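Data file: start-v1.cif. Format and content: mmCIF, C-alpha atoms.
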data_structure
#
loop_
_atom_site.label_atom_id
_atom_site.label_comp_id
_atom_site.auth_asym_id
_atom_site.auth_seq_id
_atom_site.Cartn_x
_atom_site.Cartn_y
_atom_site.Cartn_z
CA MET B 1 3.07 -9.03 0.46
CA THR B 2 1.34 -6.84 -2.13
CA ARG B 3 4.42 -6.83 -4.34
CA VAL B 4 4.77 -10.60 -4.03
CA PHE B 5 1.16 -11.15 -5.11
CA ALA B 6 1.52 -8.67 -7.96
CA ARG B 7 4.55 -10.52 -9.28
CA MET B 8 2.70 -13.81 -8.99
CA ALA B 9 -0.32 -12.43 -10.81
CA LEU B 10 1.71 -11.13 -13.74
CA SER B 11 4.48 -13.72 -13.82
CA GLY B 12 2.90 -15.99 -16.40
CA TYR B 13 3.92 -18.93 -14.23
CA ARG B 14 0.33 -19.41 -13.13
CA TRP B 15 -2.19 -19.40 -15.94
CA VAL B 16 -5.43 -17.50 -15.92
CA GLY B 17 -8.11 -19.71 -14.37
CA THR B 18 -5.91 -21.49 -11.83
CA ALA B 19 -6.78 -21.39 -8.15
CA VAL B 20 -4.15 -18.81 -7.27
CA TYR B 21 -5.35 -16.29 -9.85
CA PRO B 22 -8.61 -15.09 -8.25
CA LEU B 23 -7.00 -15.14 -4.80
CA VAL B 24 -4.18 -12.88 -5.95
CA TRP B 25 -6.33 -10.37 -7.76
CA SER B 26 -9.00 -10.23 -5.07
CA TYR B 27 -6.26 -9.47 -2.52
CA LEU B 28 -4.89 -6.67 -4.71
CA ALA B 29 -8.39 -5.29 -5.26
CA LEU B 30 -9.08 -5.23 -1.52
CA ARG B 31 -5.79 -3.43 -0.91
CA ALA B 32 -6.59 -0.87 -3.62
CA ALA B 33 -10.00 -0.17 -2.11
CA ARG B 34 -8.76 0.39 1.45
CA GLY B 35 -9.53 3.88 2.73
CA LYS B 36 -11.21 5.02 -0.48
CA GLU B 37 -14.72 3.66 -0.10
CA ASP B 38 -17.98 4.73 1.49
CA ARG B 39 -18.49 2.34 4.40
CA ALA B 40 -22.28 2.68 4.11
CA ARG B 41 -22.05 1.39 0.53
CA ARG B 42 -19.41 -1.28 1.05
CA GLN B 43 -21.76 -4.01 -0.16
CA GLU B 44 -21.46 -2.59 -3.67
CA ARG B 45 -17.81 -3.70 -3.71
CA TYR B 46 -19.10 -7.28 -3.46
CA GLY B 47 -21.53 -6.82 -6.34
CA PHE B 48 -24.66 -6.14 -4.27
CA PRO B 49 -26.64 -3.33 -5.90
CA SER B 50 -28.01 -0.27 -4.12
CA ALA B 51 -30.20 0.99 -6.97
CA ALA B 52 -32.82 -0.42 -9.30
CA ARG B 53 -31.85 -1.43 -12.80
CA PRO B 54 -33.74 0.61 -15.41
CA GLN B 55 -35.66 -1.23 -18.10
CA GLY B 56 -34.21 -1.42 -21.56
CA PRO B 57 -30.63 -1.32 -22.82
CA LEU B 58 -27.89 -0.39 -20.37
CA VAL B 59 -24.23 0.52 -20.78
CA TRP B 60 -21.77 -0.07 -17.95
CA PHE B 61 -19.03 2.56 -17.74
CA HIS B 62 -16.06 2.10 -15.46
CA ALA B 63 -13.76 5.00 -14.56
CA ALA B 64 -11.18 4.38 -11.86
CA SER B 65 -11.00 7.78 -10.19
CA VAL B 66 -11.67 11.49 -10.62
CA GLY B 67 -9.69 12.14 -13.80
CA GLU B 68 -11.15 9.17 -15.65
CA THR B 69 -14.65 9.99 -14.41
CA VAL B 70 -14.42 13.56 -15.67
CA SER B 71 -13.09 12.37 -19.04
CA VAL B 72 -16.14 10.18 -19.78
CA VAL B 73 -18.80 12.69 -18.65
CA PRO B 74 -19.43 14.07 -22.19
CA LEU B 75 -19.57 10.52 -23.59
CA ILE B 76 -22.09 9.43 -20.95
CA LYS B 77 -24.24 12.47 -21.69
CA GLU B 78 -24.26 11.56 -25.38
CA ILE B 79 -25.29 7.96 -24.69
CA HIS B 80 -27.99 9.12 -22.27
CA ARG B 81 -29.27 11.53 -24.94
CA ARG B 82 -29.93 8.49 -27.12
CA GLY B 83 -32.21 7.03 -24.46
CA ILE B 84 -29.76 4.41 -23.21
CA ALA B 85 -29.40 3.91 -19.44
CA VAL B 86 -25.95 4.13 -17.85
CA VAL B 87 -24.48 2.62 -14.69
CA LEU B 88 -21.11 4.17 -13.88
CA THR B 89 -18.69 2.52 -11.47
CA SER B 90 -15.65 4.05 -9.87
CA GLY B 91 -13.38 3.20 -6.98
CA THR B 92 -13.22 6.28 -4.74
CA THR B 93 -15.57 8.45 -2.72
CA THR B 94 -14.20 11.52 -4.48
CA SER B 95 -15.14 10.20 -7.91
CA ALA B 96 -18.60 9.33 -6.56
CA ARG B 97 -19.07 13.00 -5.61
CA VAL B 98 -17.95 14.05 -9.09
CA VAL B 99 -20.61 11.79 -10.62
CA THR B 100 -23.32 13.44 -8.51
CA GLU B 101 -22.08 16.96 -9.29
CA ARG B 102 -21.57 16.56 -13.03
CA LEU B 103 -24.12 13.93 -14.04
CA GLY B 104 -26.95 14.10 -11.49
CA ASP B 105 -29.55 11.50 -12.42
CA ILE B 106 -28.10 10.93 -15.89
CA ALA B 107 -26.12 7.95 -14.60
CA ILE B 108 -26.49 5.49 -11.71
CA HIS B 109 -23.32 5.38 -9.64
CA GLN B 110 -22.07 2.19 -8.00
CA TYR B 111 -18.71 1.37 -6.51
CA VAL B 112 -16.85 -1.02 -8.77
CA PRO B 113 -17.08 -4.67 -7.68
CA LEU B 114 -13.88 -6.21 -6.43
CA ASP B 115 -12.07 -8.10 -9.15
CA PHE B 116 -12.87 -11.64 -8.09
CA LYS B 117 -15.47 -13.96 -9.53
CA PRO B 118 -18.31 -13.89 -6.94
CA SER B 119 -18.44 -10.08 -6.85
CA VAL B 120 -18.14 -9.61 -10.60
CA SER B 121 -20.69 -12.35 -11.36
CA ARG B 122 -23.17 -10.90 -8.88
CA PHE B 123 -22.78 -7.46 -10.42
CA LEU B 124 -23.23 -8.74 -13.98
CA ASP B 125 -26.17 -10.97 -13.06
CA TYR B 126 -28.05 -7.99 -11.66
CA TRP B 127 -27.19 -5.18 -14.09
CA GLU B 128 -27.02 -7.31 -17.28
CA PRO B 129 -25.16 -4.65 -19.28
CA ASP B 130 -25.43 -4.73 -23.05
CA LEU B 131 -22.04 -3.06 -23.40
CA ALA B 132 -19.09 -2.35 -21.09
CA ILE B 133 -16.92 0.75 -21.62
CA ILE B 134 -13.71 1.04 -19.61
CA ALA B 135 -11.85 4.34 -19.35
CA GLU B 136 -8.09 4.68 -19.82
CA SER B 137 -5.77 1.92 -18.67
CA GLU B 138 -7.90 0.29 -15.99
CA ILE B 139 -7.30 -3.42 -16.57
CA TRP B 140 -9.03 -5.81 -14.13
CA PRO B 141 -8.39 -9.30 -15.53
CA MET B 142 -11.18 -11.22 -13.77
CA THR B 143 -13.78 -8.65 -14.82
CA ILE B 144 -12.56 -8.72 -18.41
CA MET B 145 -12.62 -12.51 -18.46
CA GLU B 146 -16.15 -12.67 -17.02
CA LEU B 147 -17.45 -10.17 -19.56
CA GLY B 148 -15.82 -12.23 -22.29
CA LYS B 149 -17.48 -15.43 -21.07
CA ARG B 150 -20.88 -13.71 -21.26
CA HIS B 151 -20.16 -12.32 -24.75
CA ILE B 152 -20.74 -8.76 -23.54
CA PRO B 153 -18.77 -6.42 -25.82
CA GLN B 154 -16.19 -4.47 -23.85
CA ILE B 155 -14.42 -1.42 -25.19
CA LEU B 156 -11.45 0.46 -23.78
CA VAL B 157 -11.78 4.21 -24.41
CA ASN B 158 -9.19 6.94 -23.94
CA GLY B 159 -6.74 4.07 -23.64
CA ARG B 160 -3.12 4.59 -22.81
CA LEU B 161 -0.27 2.41 -21.60
CA SER B 162 2.62 3.93 -19.69
CA ASP B 163 6.18 2.88 -20.47
CA ARG B 164 6.26 0.80 -17.29
CA SER B 165 2.90 -0.92 -17.86
CA PHE B 166 3.74 -1.75 -21.45
CA ALA B 167 7.10 -3.23 -20.45
CA ARG B 168 5.45 -5.40 -17.79
CA TRP B 169 2.73 -6.71 -20.09
CA LYS B 170 5.21 -7.31 -22.89
CA LYS B 171 7.21 -9.66 -20.65
CA ARG B 172 4.07 -11.83 -20.23
CA PRO B 173 2.75 -12.22 -23.80
CA ASN B 174 0.58 -15.26 -23.00
CA LEU B 175 -1.18 -13.47 -20.19
CA ALA B 176 -1.52 -10.29 -22.27
CA ASP B 177 -3.11 -12.25 -25.13
CA ALA B 178 -5.55 -13.93 -22.75
CA ILE B 179 -6.68 -10.53 -21.43
CA PHE B 180 -6.58 -8.21 -24.43
CA GLU B 181 -8.19 -10.62 -26.90
CA ASN B 182 -11.43 -10.14 -24.93
CA LEU B 183 -11.64 -6.47 -25.88
CA ALA B 184 -13.98 -5.83 -28.79
CA LEU B 185 -12.30 -2.49 -29.51
CA VAL B 186 -9.56 -0.30 -28.09
CA ILE B 187 -9.82 3.45 -28.70
CA ALA B 188 -6.38 4.77 -27.83
CA GLN B 189 -5.24 8.30 -27.01
CA SER B 190 -2.28 8.31 -29.41
CA GLU B 191 -0.62 6.38 -32.21
CA ALA B 192 2.04 5.21 -29.76
CA ASP B 193 -0.61 3.85 -27.38
CA ALA B 194 -2.44 2.19 -30.28
CA GLU B 195 0.74 0.42 -31.37
CA ARG B 196 1.33 -0.81 -27.84
CA PHE B 197 -2.16 -2.24 -27.48
CA SER B 198 -1.83 -3.94 -30.86
CA THR B 199 1.49 -5.46 -29.81
CA LEU B 200 -0.20 -6.91 -26.72
CA GLY B 201 -2.91 -8.60 -28.78
CA ALA B 202 -5.76 -6.08 -28.87
CA LEU B 203 -7.69 -5.98 -32.12
CA PRO B 204 -9.08 -3.76 -33.56
CA VAL B 205 -7.44 -0.57 -32.31
CA MET B 206 -8.17 3.02 -33.35
CA VAL B 207 -6.90 6.46 -32.26
CA SER B 208 -9.14 9.21 -30.92
CA GLY B 209 -6.97 11.68 -29.03
CA ASN B 210 -7.45 12.47 -25.34
CA LEU B 211 -11.06 12.67 -24.14
CA LYS B 212 -9.99 14.94 -21.28
CA VAL B 213 -9.37 17.71 -23.79
CA ASP B 214 -13.04 17.62 -24.81
CA THR B 215 -14.34 18.06 -21.26
CA ASP B 216 -15.51 21.35 -19.77
CA ALA B 217 -13.16 23.37 -17.63
CA PRO B 218 -13.37 22.40 -13.94
CA PRO B 219 -16.18 24.30 -12.18
CA VAL B 220 -15.85 26.84 -9.38
CA ASP B 221 -17.99 28.37 -6.66
CA THR B 222 -17.97 32.00 -7.81
CA ALA B 223 -18.63 33.36 -4.32
CA VAL B 224 -15.59 31.52 -2.90
CA LEU B 225 -13.47 32.63 -5.86
CA ARG B 226 -14.49 36.25 -5.34
CA GLN B 227 -13.70 36.03 -1.63
CA TYR B 228 -10.18 34.72 -2.21
CA ARG B 229 -9.46 37.26 -4.94
CA GLN B 230 -10.42 40.05 -2.55
CA GLN B 231 -8.15 38.61 0.13
CA ILE B 232 -5.20 38.24 -2.24
CA GLU B 233 -5.56 41.93 -3.19
CA GLY B 234 -3.38 42.00 -6.28
CA ARG B 235 -0.44 39.98 -4.91
CA LYS B 236 1.44 37.90 -7.45
CA THR B 237 0.50 34.23 -7.25
CA TRP B 238 1.73 30.93 -8.60
CA ALA B 239 0.48 27.39 -7.99
CA ALA B 240 2.13 24.01 -7.59
CA ILE B 241 -0.64 21.50 -8.34
CA SER B 242 -0.97 17.71 -8.21
CA THR B 243 2.27 17.59 -6.23
CA PHE B 244 3.94 14.48 -4.85
CA GLU B 245 6.34 14.07 -1.96
CA GLY B 246 9.34 16.38 -2.27
CA GLU B 247 7.60 18.82 -4.58
CA GLU B 248 5.81 20.66 -1.76
CA ALA B 249 9.17 21.28 -0.11
CA ALA B 250 10.49 22.52 -3.45
CA ALA B 251 7.52 24.89 -3.75
CA GLY B 252 8.23 26.18 -0.24
CA SER B 253 11.85 26.81 -1.18
CA VAL B 254 10.76 28.66 -4.31
CA HIS B 255 8.55 30.90 -2.19
CA LEU B 256 11.39 31.66 0.23
CA ALA B 257 13.70 32.48 -2.68
CA LEU B 258 11.21 34.88 -4.30
CA LYS B 259 9.23 36.48 -1.46
CA GLU B 260 11.77 39.26 -0.86
CA ARG B 261 11.47 40.33 -4.51
CA ASN B 262 7.70 39.97 -4.86
CA ALA B 263 4.59 40.30 -2.72
CA LEU B 264 3.96 36.63 -3.37
CA LEU B 265 1.35 34.02 -2.53
CA THR B 266 2.17 30.39 -3.27
CA ILE B 267 -0.72 27.94 -3.77
CA ILE B 268 0.10 24.27 -3.18
CA VAL B 269 -2.42 21.56 -4.12
CA PRO B 270 -1.12 18.07 -3.25
CA ARG B 271 -2.31 15.11 -5.31
CA HIS B 272 -3.21 13.33 -2.06
CA PRO B 273 -4.81 15.72 0.46
CA GLU B 274 -4.40 13.21 3.30
CA ARG B 275 -0.72 14.22 3.35
CA CYS B 276 -1.55 17.83 4.22
CA GLU B 277 -0.90 17.59 7.96
CA ALA B 278 2.69 16.59 7.28
CA ILE B 279 2.99 19.13 4.47
CA GLU B 280 1.79 21.96 6.69
CA ALA B 281 4.24 20.96 9.43
CA MET B 282 7.07 20.91 6.91
CA LEU B 283 6.16 24.37 5.54
CA VAL B 284 5.79 25.86 9.02
CA GLY B 285 9.17 24.37 9.83
CA LYS B 286 10.59 26.45 6.98
CA GLY B 287 9.18 29.56 8.64
CA LEU B 288 6.19 29.92 6.29
CA THR B 289 2.70 30.99 7.31
CA VAL B 290 0.10 28.57 5.95
CA ALA B 291 -3.64 29.01 5.32
CA ARG B 292 -5.62 25.83 4.72
CA ARG B 293 -8.69 25.67 2.57
CA THR B 294 -10.41 23.03 4.75
CA ARG B 295 -10.16 25.34 7.76
CA ASN B 296 -11.42 28.31 5.73
CA ASP B 297 -8.34 30.20 6.91
CA PRO B 298 -8.32 33.73 5.49
CA VAL B 299 -5.48 34.72 3.19
CA THR B 300 -3.90 37.75 4.83
CA ALA B 301 -0.90 39.87 3.95
CA GLU B 302 1.17 37.57 6.21
CA THR B 303 0.06 34.36 4.48
CA ASP B 304 2.84 32.71 2.48
CA VAL B 305 1.07 29.56 1.32
CA LEU B 306 -2.54 28.68 0.59
CA LEU B 307 -2.66 24.90 1.03
CA GLY B 308 -5.38 23.46 -1.18
CA ASP B 309 -6.26 20.42 0.90
CA THR B 310 -9.65 19.81 -0.70
CA VAL B 311 -10.66 17.56 -3.59
CA GLY B 312 -12.70 18.74 -6.56
CA GLU B 313 -11.72 22.42 -6.31
CA MET B 314 -8.95 22.58 -8.88
CA GLY B 315 -11.13 25.06 -10.78
CA LEU B 316 -10.81 27.41 -7.80
CA TYR B 317 -7.06 27.13 -7.31
CA LEU B 318 -6.20 27.52 -11.00
CA ARG B 319 -8.44 30.58 -11.36
CA LEU B 320 -6.45 32.29 -8.59
CA THR B 321 -3.25 32.30 -10.66
CA ASP B 322 -1.88 32.26 -14.18
CA VAL B 323 1.37 30.39 -13.51
CA ALA B 324 1.15 26.69 -12.63
CA PHE B 325 3.75 24.03 -11.97
CA VAL B 326 2.27 20.56 -12.63
CA GLY B 327 3.61 17.95 -10.24
CA ARG B 328 4.70 14.33 -10.15
CA SER B 329 7.28 15.48 -12.63
CA LEU B 330 10.15 16.88 -10.57
CA PHE B 331 10.09 14.41 -7.67
CA GLY B 332 7.93 11.56 -8.87
CA GLU B 333 7.45 9.67 -12.06
CA GLY B 334 5.02 9.90 -14.95
CA GLY B 335 3.70 13.44 -14.58
CA GLN B 336 0.13 14.67 -14.20
CA ASN B 337 -2.28 15.99 -16.82
CA PRO B 338 -1.57 19.64 -17.79
CA ILE B 339 -4.83 20.09 -19.72
CA GLU B 340 -6.83 21.82 -16.96
CA PRO B 341 -4.24 24.55 -16.26
CA ALA B 342 -3.93 25.15 -20.00
CA MET B 343 -7.72 25.41 -20.33
CA LEU B 344 -7.95 27.88 -17.47
CA GLY B 345 -5.25 30.21 -18.72
CA CYS B 346 -2.06 29.26 -16.93
CA ALA B 347 1.49 29.35 -18.22
CA ILE B 348 2.75 25.85 -17.43
CA LEU B 349 5.97 24.68 -15.83
CA SER B 350 6.83 21.02 -15.30
CA GLY B 351 9.65 18.73 -14.36
CA GLY B 352 10.99 16.37 -16.98
CA ASN B 353 9.35 13.14 -15.77
CA VAL B 354 6.17 13.35 -17.84
CA GLN B 355 6.18 9.95 -19.55
CA ASN B 356 2.48 9.29 -18.90
CA PHE B 357 1.49 12.50 -20.70
CA ARG B 358 4.26 12.66 -23.26
CA GLU B 359 2.05 13.50 -26.27
CA THR B 360 0.11 16.17 -24.39
CA TYR B 361 3.28 17.92 -23.26
CA GLN B 362 4.71 17.68 -26.76
CA ALA B 363 1.62 19.41 -28.13
CA LEU B 364 1.86 22.16 -25.51
CA ALA B 365 5.61 22.59 -25.79
CA LYS B 366 5.47 22.76 -29.59
CA ASN B 367 4.15 26.31 -29.49
CA GLY B 368 5.89 27.32 -26.28
CA SER B 369 2.98 27.02 -23.83
CA ALA B 370 4.81 24.66 -21.44
CA LYS B 371 8.38 24.82 -20.17
CA ILE B 372 10.43 22.03 -18.56
CA VAL B 373 12.55 22.68 -15.47
CA ARG B 374 15.26 20.35 -14.19
CA ASP B 375 15.37 21.12 -10.48
CA PRO B 376 13.96 23.42 -7.75
CA GLU B 377 16.49 26.16 -8.56
CA MET B 378 15.40 26.20 -12.19
CA LEU B 379 11.77 26.14 -11.06
CA ALA B 380 12.37 29.26 -8.95
CA LYS B 381 13.95 31.03 -11.91
CA GLY B 382 11.06 30.00 -14.16
CA VAL B 383 8.42 31.21 -11.72
CA HIS B 384 10.23 34.53 -11.22
CA TYR B 385 10.66 35.03 -14.97
CA LEU B 386 7.00 34.43 -15.70
CA LEU B 387 5.74 36.56 -12.83
CA THR B 388 7.87 39.52 -13.90
CA ASN B 389 7.41 39.28 -17.69
CA ASP B 390 3.76 39.94 -18.45
CA GLU B 391 4.09 39.68 -22.23
CA VAL B 392 5.91 36.32 -22.13
CA ARG B 393 3.34 34.97 -19.69
CA ARG B 394 0.44 36.20 -21.82
CA LYS B 395 1.87 34.57 -24.96
CA MET B 396 2.34 31.25 -23.15
CA ILE B 397 -1.24 31.36 -21.89
CA GLU B 398 -2.65 32.10 -25.33
CA ALA B 399 -0.51 29.40 -26.91
CA GLY B 400 -1.75 26.87 -24.35
CA GLN B 401 -5.39 27.64 -24.99
CA GLU B 402 -4.76 27.41 -28.73
CA ALA B 403 -3.07 24.03 -28.28
CA VAL B 404 -6.04 22.73 -26.28
CA HIS B 405 -8.39 23.87 -29.03
CA GLU B 406 -6.28 22.08 -31.66
CA MET B 407 -6.26 18.86 -29.62
CA ARG B 408 -10.06 18.70 -29.38
CA GLY B 409 -12.02 16.12 -31.36
CA ALA B 410 -11.53 12.98 -29.27
CA LEU B 411 -15.21 12.87 -28.27
CA SER B 412 -16.53 12.80 -31.83
CA ALA B 413 -13.86 10.26 -32.85
CA THR B 414 -14.77 8.04 -29.89
CA ILE B 415 -18.48 8.21 -30.70
CA ARG B 416 -17.74 7.20 -34.30
CA GLY B 417 -15.84 4.19 -33.03
CA LEU B 418 -18.70 3.24 -30.71
CA GLU B 419 -21.47 3.64 -33.30
CA PRO B 420 -21.63 -0.07 -34.31
CA TYR B 421 -22.21 -0.95 -30.64
CA ILE B 422 -24.50 1.86 -29.50
CA ASN B 423 -26.68 2.23 -32.60
CA PRO B 424 -28.50 -1.10 -32.01
CA LEU B 425 -29.04 -0.07 -28.37
CA THR B 426 -30.45 3.28 -29.51
CA VAL B 427 -32.97 1.46 -31.69
CA LYS B 428 -33.84 -0.89 -28.84
CA ALA B 429 -34.34 2.07 -26.49
CA ARG B 430 -36.67 3.80 -28.95
CA LEU B 431 -38.88 0.70 -29.05
CA LEU B 432 -39.52 0.88 -25.31
CA PRO B 433 -42.81 2.29 -24.01
CA ARG B 434 -42.42 6.04 -23.64
CA ASP B 435 -42.57 6.09 -19.81
CA ASP B 436 -39.73 3.56 -19.51
CA VAL B 437 -37.15 5.49 -21.53
#

I'd like the structure from this file rewritten - as structure tokens, please.
Amino acid sequence: MTRVFARMALSGYRWVGTAVYPLVWSYLALRAARGKEDRARRQERYGFPSAARPQGPLVWFHAASVGETVSVVPLIKEIHRRGIAVVLTSGTTTSARVVTERLGDIAIHQYVPLDFKPSVSRFLDYWEPDLAIIAESEIWPMTIMELGKRHIPQILVNGRLSDRSFARWKKRPNLADAIFENLALVIAQSEADAERFSTLGALPVMVSGNLKVDTDAPPVDTAVLRQYRQQIEGRKTWAAISTFEGEEAAAGSVHLALKERNALLTIIVPRHPERCEAIEAMLVGKGLTVARRTRNDPVTAETDVLLGDTVGEMGLYLRLTDVAFVGRSLFGEGGQNPIEPAMLGCAILSGGNVQNFRETYQALAKNGSAKIVRDPEMLAKGVHYLLTNDEVRRKMIEAGQEAVHEMRGALSATIRGLEPYINPLTVKARLLPRDDV
């Protein structure tokens, strides 16, 4: 049913504004929200607020999940520094925790209203944002249309369009025009993304680079890090992170192939921790001994795999190794972002399916800081080579950190693009009574 509704919504056969349109998108929004929300705050999904609106100008940020939330943290801090209030919406409980941890009281968090008219209208009536900033490729048509009707400027930052998304929108040019013409500005990650948005009717479009490169490295609890390092006791380690189905089995096979030659610990961090029961059963079925982070299992000399089944602790897992395979690239499609492992000093391995992060991988591969593997056998050879060649590994790590440094600058470019929209709000904020700022 979900696929049927999705095809209906994007078919172009029904025009925006017809009776079927809000029904379709509200159904898809409800499906997307299932299992990812805080039941105690469910009313927020229908546009009912759970916090007071501050006086003065307010910017509404929307970031779909953890990665997008992290990417806009520096931008939110800059806008807050100018005295402008921020309400930040996201769609998952995990991203809500990230907001609390990284922003504190700098931003008001709400769960994003479902993309149908009553919820969106209720949200906008209450918060009355002066500006809406959407992160990455999160396109909710009803929300965009409602913002357009109210003449609230809406800007897409860190924008990107995958090959698949671009192809789908391009087949429906009338629908694309109706949606993208409402955007006051698109700030795209790359020239290729900018060209795609322009083709779909967005105007104006500028390029900033990837905001995720300008974020801080993921944090870590130093006491927990110290504890695990003591337990590992100098064993060689490698990590398979952001893995999708099939890649955990590949990581287990790599461990079995290499454990006789190395005192080895494999760290596996699935993209979706709710799969970890099945993953553990599969690894145990291969004869591997598994320690799970959520159980606080100790890593002993007999432990083969540390299963990172928590969310928000990537900073811990990556600091326990300096070789990382980035998933959704060997079995899966599109890849995952390799910036964090590069930041934290890991030599990077990846499968070839990295279309969603093509420019980032090109920048890393240009100076040899990321290597592509074709299959699990090649992955095993790559892991072994890096673990046994200290100088090669060190050069890859240094090259990756240099590449990250060279890619920085997206934050300042994004702020320059936003200046015409946030400068008037800064002036308005400064005119408020001192206690209300």

Report as a count of residues only all protein, DNA and RNA residues lying within 7 Å of region 423-430 of chain B, evaluated on only C-alpha atoms, omitting residues in the same chain fewer than 4 positions from it.
7

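Nearest-residue note for Thr89 (chain B): choosing from B:Pro118, B:Ala250, B:Ala135, B:Asp105, the minimum distance belongs to B:Ala135, counting all atoms listed in the file.
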
CA of Gly308 (chain B) and CA of His405 (chain B) are how many Å apart?
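Computing it gives 28.0 Å between the two atoms.
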
Give me the residues near region 318-331 of chain B as number ranges by chain, where near means some atom within 9 Å (using only C-alpha atoms) and where sequence neighbours in that chain fewer than 4 positions away do not count.
B: 220, 225, 228-229, 232, 236-247, 267, 270-271, 313-314, 335-338, 340-341, 344-355, 373-376, 379, 383, 386-387, 393-394, 397

Could you write out that same residue set with C-alpha atoms as a PDB file, in the frame of the given file?
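Wrote out_13.pdb, looks like this:
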ATOM      1  CA  VAL B 220     -15.850  26.840  -9.380  1.00  0.00           C
ATOM      2  CA  LEU B 225     -13.470  32.630  -5.860  1.00  0.00           C
ATOM      3  CA  TYR B 228     -10.180  34.720  -2.210  1.00  0.00           C
ATOM      4  CA  ARG B 229      -9.460  37.260  -4.940  1.00  0.00           C
ATOM      5  CA  ILE B 232      -5.200  38.240  -2.240  1.00  0.00           C
ATOM      6  CA  LYS B 236       1.440  37.900  -7.450  1.00  0.00           C
ATOM      7  CA  THR B 237       0.500  34.230  -7.250  1.00  0.00           C
ATOM      8  CA  TRP B 238       1.730  30.930  -8.600  1.00  0.00           C
ATOM      9  CA  ALA B 239       0.480  27.390  -7.990  1.00  0.00           C
ATOM     10  CA  ALA B 240       2.130  24.010  -7.590  1.00  0.00           C
ATOM     11  CA  ILE B 241      -0.640  21.500  -8.340  1.00  0.00           C
ATOM     12  CA  SER B 242      -0.970  17.710  -8.210  1.00  0.00           C
ATOM     13  CA  THR B 243       2.270  17.590  -6.230  1.00  0.00           C
ATOM     14  CA  PHE B 244       3.940  14.480  -4.850  1.00  0.00           C
ATOM     15  CA  GLU B 245       6.340  14.070  -1.960  1.00  0.00           C
ATOM     16  CA  GLY B 246       9.340  16.380  -2.270  1.00  0.00           C
ATOM     17  CA  GLU B 247       7.600  18.820  -4.580  1.00  0.00           C
ATOM     18  CA  ILE B 267      -0.720  27.940  -3.770  1.00  0.00           C
ATOM     19  CA  PRO B 270      -1.120  18.070  -3.250  1.00  0.00           C
ATOM     20  CA  ARG B 271      -2.310  15.110  -5.310  1.00  0.00           C
ATOM     21  CA  GLU B 313     -11.720  22.420  -6.310  1.00  0.00           C
ATOM     22  CA  MET B 314      -8.950  22.580  -8.880  1.00  0.00           C
ATOM     23  CA  GLY B 335       3.700  13.440 -14.580  1.00  0.00           C
ATOM     24  CA  GLN B 336       0.130  14.670 -14.200  1.00  0.00           C
ATOM     25  CA  ASN B 337      -2.280  15.990 -16.820  1.00  0.00           C
ATOM     26  CA  PRO B 338      -1.570  19.640 -17.790  1.00  0.00           C
ATOM     27  CA  GLU B 340      -6.830  21.820 -16.960  1.00  0.00           C
ATOM     28  CA  PRO B 341      -4.240  24.550 -16.260  1.00  0.00           C
ATOM     29  CA  LEU B 344      -7.950  27.880 -17.470  1.00  0.00           C
ATOM     30  CA  GLY B 345      -5.250  30.210 -18.720  1.00  0.00           C
ATOM     31  CA  CYS B 346      -2.060  29.260 -16.930  1.00  0.00           C
ATOM     32  CA  ALA B 347       1.490  29.350 -18.220  1.00  0.00           C
ATOM     33  CA  ILE B 348       2.750  25.850 -17.430  1.00  0.00           C
ATOM     34  CA  LEU B 349       5.970  24.680 -15.830  1.00  0.00           C
ATOM     35  CA  SER B 350       6.830  21.020 -15.300  1.00  0.00           C
ATOM     36  CA  GLY B 351       9.650  18.730 -14.360  1.00  0.00           C
ATOM     37  CA  GLY B 352      10.990  16.370 -16.980  1.00  0.00           C
ATOM     38  CA  ASN B 353       9.350  13.140 -15.770  1.00  0.00           C
ATOM     39  CA  VAL B 354       6.170  13.350 -17.840  1.00  0.00           C
ATOM     40  CA  GLN B 355       6.180   9.950 -19.550  1.00  0.00           C
ATOM     41  CA  VAL B 373      12.550  22.680 -15.470  1.00  0.00           C
ATOM     42  CA  ARG B 374      15.260  20.350 -14.190  1.00  0.00           C
ATOM     43  CA  ASP B 375      15.370  21.120 -10.480  1.00  0.00           C
ATOM     44  CA  PRO B 376      13.960  23.420  -7.750  1.00  0.00           C
ATOM     45  CA  LEU B 379      11.770  26.140 -11.060  1.00  0.00           C
ATOM     46  CA  VAL B 383       8.420  31.210 -11.720  1.00  0.00           C
ATOM     47  CA  LEU B 386       7.000  34.430 -15.700  1.00  0.00           C
ATOM     48  CA  LEU B 387       5.740  36.560 -12.830  1.00  0.00           C
ATOM     49  CA  ARG B 393       3.340  34.970 -19.690  1.00  0.00           C
ATOM     50  CA  ARG B 394       0.440  36.200 -21.820  1.00  0.00           C
ATOM     51  CA  ILE B 397      -1.240  31.360 -21.890  1.00  0.00           C
TER      52      ILE B 397
END

For CA of Met407 (chain B) and CA of Val213 (chain B), quote the distance in Å rounded to one decimal.
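CA of Met407 (chain B) sits 6.7 Å away from CA of Val213 (chain B).
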
Residue contacts of Lys170 (chain B) (10 Å, all atoms listed in the file) excluding same-chain residues fewer than 5 positions away, as a list in words:
Arg164, Ser165, Leu175, Ala176, Asp177, Arg196, Thr199 and Leu200 of chain B
